[in-house]
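Student: Got a structure for you, questions after.
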Amino acid sequence: MLKRWLVIGLLFATSLLVVVYGVKASDRGFFMPELGGVKIVIDPGHGGLDGGASVGDIVERDITLSIAHELKKKLEKKGAVIVMTREKEGDAIAEHAPSEKFSTTRQRKMADLKLRESIAIQEEPDMFLSVHVNAIPEERWRGSQVFYHAEGHEGGELLAKSIQSSFAANLQNTDREAMAIKGVYLLKKVPMPSVLIETGFISNPEERKLLTDPAYHAKVADAIIEGIVEFHTSEQN
């Protein structure tokens with residue numbers, strides 16, 4: 001009798017699993033994290049002697065690195081595999097080829113750019129994100145904007161538009177649209193969906209204050225991730 005009940009119980013459990021599978025099979029998150037196995041290279045703009053845009057002692061290099069670390073932490077929680085072109089204050093050369101010597105800063109910057117390209121190509125990620133902040137002489141300009149290369153990977157446009165839409169909805173700091181651009185070397189050279197993310201203007205006093213706040217860095221990271229999930233979901237359908 002006990003054996004009979006064990007068999008009935010096993011059959012019931014199996015039937016239940018089949019039903020649950022049928023209901024949830026289309027829900028990727030039921031089986032694994034939203035971005036399970038998705039590989040992303042995050043490129044914190046500038047680094048080392050190349051500080052990027054700055055206002056006083058507020059330097060782009062430091063803001064982009066902080067946002068990139070937030071992105072890495074949060075994306076990994078969603079199951080993504082993350083590679084950073086740099087994880088410290090220095091440039092990519094300082095981390096990956098510290099013995100290299102250059103006679104001029106220009107030579108080093110060019111070699112650093114090539115190294116970031118090489119990392120992206122060798123790692124073969126599903127997408128490439130270059131994180132930056134903006135600055136122009138006029139203080140009135142503000143808002144985040146995402147760029148893709150018109151001649152780069154075709155997926156770059158959809159990725160850029162997905163992140164831009166998320167910025168508009170979640171940060172509510174922009175009415176800009178994702179834009180095609182030709183002057184960004186990495187976006188053209190790396191063979192996967194790639195975007196350059198300008199997270200805001202440090203030349204704008206209000207936005208500069210936000211961009212120096214670690215809590216805001218986390219909010220920016222959340223908005224970027226929502227766009228990434230939207231893009232990834234679209235690619236799977």
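Order determines the names: the first chain of the structure tokens is A, the second B, and so forth; residues in each chain are numbered 1 upward, and ligands are numbered 1 upward as they are shown.
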Counting only C-alpha atoms, give me one row per residue of region 54-124 of chain A with an atom at most 7 Å from an atom of region 188-209 of chain A, showing the shortest contact pair and its distance in Å to one decimal, sorted by chain then residue number, as a Markdown table.

Tutor:
```
| residue | atom | partner | partner_atom | distance |
| --- | --- | --- | --- | --- |
| A:Val55 | CA | A:Ser203 | CA | 6.9 |
| A:Glu117 | CA | A:Val190 | CA | 6.2 |
| A:Ala120 | CA | A:Val190 | CA | 6.4 |
| A:Ile121 | CA | A:Val190 | CA | 6.2 |
```

Student: The selected residues should be written to file as a PDB file, in the first residue's frame (atoms: N, CA and C atoms).

Tutor:
```pdb
ATOM      1  N   VAL A  55      35.358  70.146 -13.979  1.00  0.00           N
ATOM      2  CA  VAL A  55      35.006  71.456 -13.434  1.00  0.00           C
ATOM      3  C   VAL A  55      35.631  71.511 -12.051  1.00  0.00           C
ATOM      4  N   GLU A 117      39.694  48.547 -27.318  1.00  0.00           N
ATOM      5  CA  GLU A 117      39.142  47.852 -28.488  1.00  0.00           C
ATOM      6  C   GLU A 117      39.520  46.375 -28.454  1.00  0.00           C
ATOM      7  N   ALA A 120      37.514  44.366 -25.905  1.00  0.00           N
ATOM      8  CA  ALA A 120      36.149  44.113 -26.375  1.00  0.00           C
ATOM      9  C   ALA A 120      36.121  43.003 -27.426  1.00  0.00           C
ATOM     10  N   ILE A 121      37.088  43.004 -28.326  1.00  0.00           N
ATOM     11  CA  ILE A 121      37.123  41.985 -29.380  1.00  0.00           C
ATOM     12  C   ILE A 121      37.458  40.611 -28.803  1.00  0.00           C
TER      13      ILE A 121
END
```

Student: Report the residues of region 107-173 of chain A whose backbone DSSP state falls under helix (DSSP H, G or I), written as a PyMOL selection string.

Tutor: chain A and resi 107-123+155-171

Student: Can those selected residues be exported to a file as a short mmCIF file (atom, residue, chain, number, x, y, z; two decimals), in the first residue's frame so that it contains N, CA and C atoms?

Tutor:
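Output below, filename part.cif:
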```cif
data_model
loop_
_atom_site.label_atom_id
_atom_site.label_comp_id
_atom_site.auth_asym_id
_atom_site.auth_seq_id
_atom_site.Cartn_x
_atom_site.Cartn_y
_atom_site.Cartn_z
N GLN A 107 50.43 59.52 -27.58
CA GLN A 107 50.71 58.11 -27.91
C GLN A 107 50.06 57.18 -26.90
N ARG A 108 50.14 57.54 -25.65
CA ARG A 108 49.55 56.69 -24.61
C ARG A 108 48.03 56.63 -24.75
N LYS A 109 47.41 57.76 -25.01
CA LYS A 109 45.95 57.79 -25.17
C LYS A 109 45.51 56.94 -26.36
N MET A 110 46.27 56.98 -27.44
CA MET A 110 45.92 56.18 -28.60
C MET A 110 46.09 54.69 -28.30
N ALA A 111 47.17 54.35 -27.61
CA ALA A 111 47.40 52.95 -27.24
C ALA A 111 46.33 52.46 -26.27
N ASP A 112 45.91 53.34 -25.39
CA ASP A 112 44.86 52.99 -24.42
C ASP A 112 43.54 52.70 -25.14
N LEU A 113 43.23 53.51 -26.14
CA LEU A 113 42.02 53.31 -26.94
C LEU A 113 42.08 51.97 -27.67
N LYS A 114 43.23 51.67 -28.27
CA LYS A 114 43.42 50.40 -28.98
C LYS A 114 43.29 49.21 -28.03
N LEU A 115 43.79 49.38 -26.80
CA LEU A 115 43.70 48.31 -25.82
C LEU A 115 42.26 48.04 -25.44
N ARG A 116 41.47 49.07 -25.27
CA ARG A 116 40.05 48.89 -24.96
C ARG A 116 39.34 48.18 -26.10
N GLU A 117 39.69 48.55 -27.32
CA GLU A 117 39.14 47.85 -28.49
C GLU A 117 39.52 46.38 -28.45
N SER A 118 40.78 46.10 -28.15
CA SER A 118 41.27 44.72 -28.11
C SER A 118 40.54 43.90 -27.05
N ILE A 119 40.31 44.50 -25.88
CA ILE A 119 39.59 43.81 -24.80
C ILE A 119 38.19 43.42 -25.27
N ALA A 120 37.51 44.37 -25.90
CA ALA A 120 36.15 44.11 -26.38
C ALA A 120 36.12 43.00 -27.43
N ILE A 121 37.09 43.00 -28.33
CA ILE A 121 37.12 41.98 -29.38
C ILE A 121 37.46 40.61 -28.80
N GLN A 122 38.44 40.55 -27.92
CA GLN A 122 38.88 39.28 -27.35
C GLN A 122 37.82 38.66 -26.44
N GLU A 123 37.09 39.48 -25.71
CA GLU A 123 36.10 38.96 -24.77
C GLU A 123 34.82 38.50 -25.47
N GLY A 155 22.95 46.33 -34.09
CA GLY A 155 22.24 46.29 -32.82
C GLY A 155 22.47 47.51 -31.95
N GLY A 156 23.48 48.30 -32.28
CA GLY A 156 23.78 49.48 -31.48
C GLY A 156 22.64 50.47 -31.42
N GLU A 157 21.93 50.62 -32.52
CA GLU A 157 20.82 51.57 -32.56
C GLU A 157 19.71 51.19 -31.59
N LEU A 158 19.31 49.93 -31.60
CA LEU A 158 18.24 49.49 -30.70
C LEU A 158 18.68 49.57 -29.24
N LEU A 159 19.94 49.20 -28.97
CA LEU A 159 20.45 49.29 -27.60
C LEU A 159 20.45 50.74 -27.13
N ALA A 160 20.90 51.65 -27.98
CA ALA A 160 20.93 53.07 -27.63
C ALA A 160 19.53 53.60 -27.37
N LYS A 161 18.58 53.24 -28.22
CA LYS A 161 17.22 53.73 -28.06
C LYS A 161 16.56 53.15 -26.81
N SER A 162 16.88 51.91 -26.47
CA SER A 162 16.31 51.29 -25.27
C SER A 162 16.80 51.99 -24.01
N ILE A 163 18.10 52.29 -23.96
CA ILE A 163 18.65 52.98 -22.79
C ILE A 163 18.16 54.42 -22.73
N GLN A 164 18.10 55.09 -23.89
CA GLN A 164 17.61 56.48 -23.92
C GLN A 164 16.17 56.56 -23.43
N SER A 165 15.35 55.62 -23.85
CA SER A 165 13.95 55.59 -23.40
C SER A 165 13.86 55.41 -21.90
N SER A 166 14.74 54.57 -21.36
CA SER A 166 14.75 54.35 -19.91
C SER A 166 15.20 55.60 -19.16
N PHE A 167 16.18 56.31 -19.70
CA PHE A 167 16.61 57.57 -19.09
C PHE A 167 15.44 58.55 -19.01
N ALA A 168 14.72 58.69 -20.11
CA ALA A 168 13.60 59.62 -20.16
C ALA A 168 12.53 59.27 -19.14
N ALA A 169 12.27 57.96 -18.99
CA ALA A 169 11.22 57.51 -18.08
C ALA A 169 11.66 57.54 -16.62
N ASN A 170 12.90 57.18 -16.35
CA ASN A 170 13.34 57.00 -14.96
C ASN A 170 14.11 58.18 -14.38
N LEU A 171 14.97 58.80 -15.17
CA LEU A 171 15.71 59.97 -14.66
C LEU A 171 14.92 61.24 -14.91
#
```

Student: Rounded to one decimal in Å, what is the spacing between CA of Met127 (chain A) and CA of His46 (chain A)?

Tutor: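 Separation between CA of Met127 (chain A) and CA of His46 (chain A): 19.2 Å.
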
Student: Within 7 Å of region 79-98 of chain A, which residues of region 30-52 of chain A show up? Give each one with its shortest atom-to-atom distance in Å (one decimal) and the two atoms involved, counting only C-alpha atoms, rows by chain then rising residue number, as JSON lines.

Tutor:
```
{"residue": "A:Pro33", "atom": "CA", "partner": "A:Gly79", "partner_atom": "CA", "distance": 5.3}
{"residue": "A:Glu34", "atom": "CA", "partner": "A:Gly79", "partner_atom": "CA", "distance": 6.8}
{"residue": "A:Leu35", "atom": "CA", "partner": "A:Gly79", "partner_atom": "CA", "distance": 5.1}
{"residue": "A:Gly36", "atom": "CA", "partner": "A:Gly79", "partner_atom": "CA", "distance": 4.1}
{"residue": "A:Gly37", "atom": "CA", "partner": "A:Ala80", "partner_atom": "CA", "distance": 5.4}
{"residue": "A:Val38", "atom": "CA", "partner": "A:Ala80", "partner_atom": "CA", "distance": 4.8}
{"residue": "A:Lys39", "atom": "CA", "partner": "A:Val81", "partner_atom": "CA", "distance": 4.5}
{"residue": "A:Ile40", "atom": "CA", "partner": "A:Ile82", "partner_atom": "CA", "distance": 5.1}
{"residue": "A:Val41", "atom": "CA", "partner": "A:Val83", "partner_atom": "CA", "distance": 4.7}
{"residue": "A:Ile42", "atom": "CA", "partner": "A:Met84", "partner_atom": "CA", "distance": 4.9}
{"residue": "A:Asp43", "atom": "CA", "partner": "A:Thr85", "partner_atom": "CA", "distance": 5.1}
{"residue": "A:Pro44", "atom": "CA", "partner": "A:Arg86", "partner_atom": "CA", "distance": 6.7}
{"residue": "A:His46", "atom": "CA", "partner": "A:Asp91", "partner_atom": "CA", "distance": 6.5}
{"residue": "A:Gly47", "atom": "CA", "partner": "A:Asp91", "partner_atom": "CA", "distance": 4.1}
{"residue": "A:Gly48", "atom": "CA", "partner": "A:Gly90", "partner_atom": "CA", "distance": 3.8}
```

Student: Would you give me, as a list in words, the residues in region 54-161 of chain A that DSSP reads as strand (DSSP E or B)?

Tutor: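 Matching residues for strand (DSSP E or B) in region 54-161 of chain A are Ser54, Val55, Ile58, Val59, Val81, Ile82, Val83, Met84, Met127, Phe128, Leu129, Ser130, Val131, His132, Val133, Asn134, Gln145, Val146, Phe147, Tyr148 and His149 of chain A.
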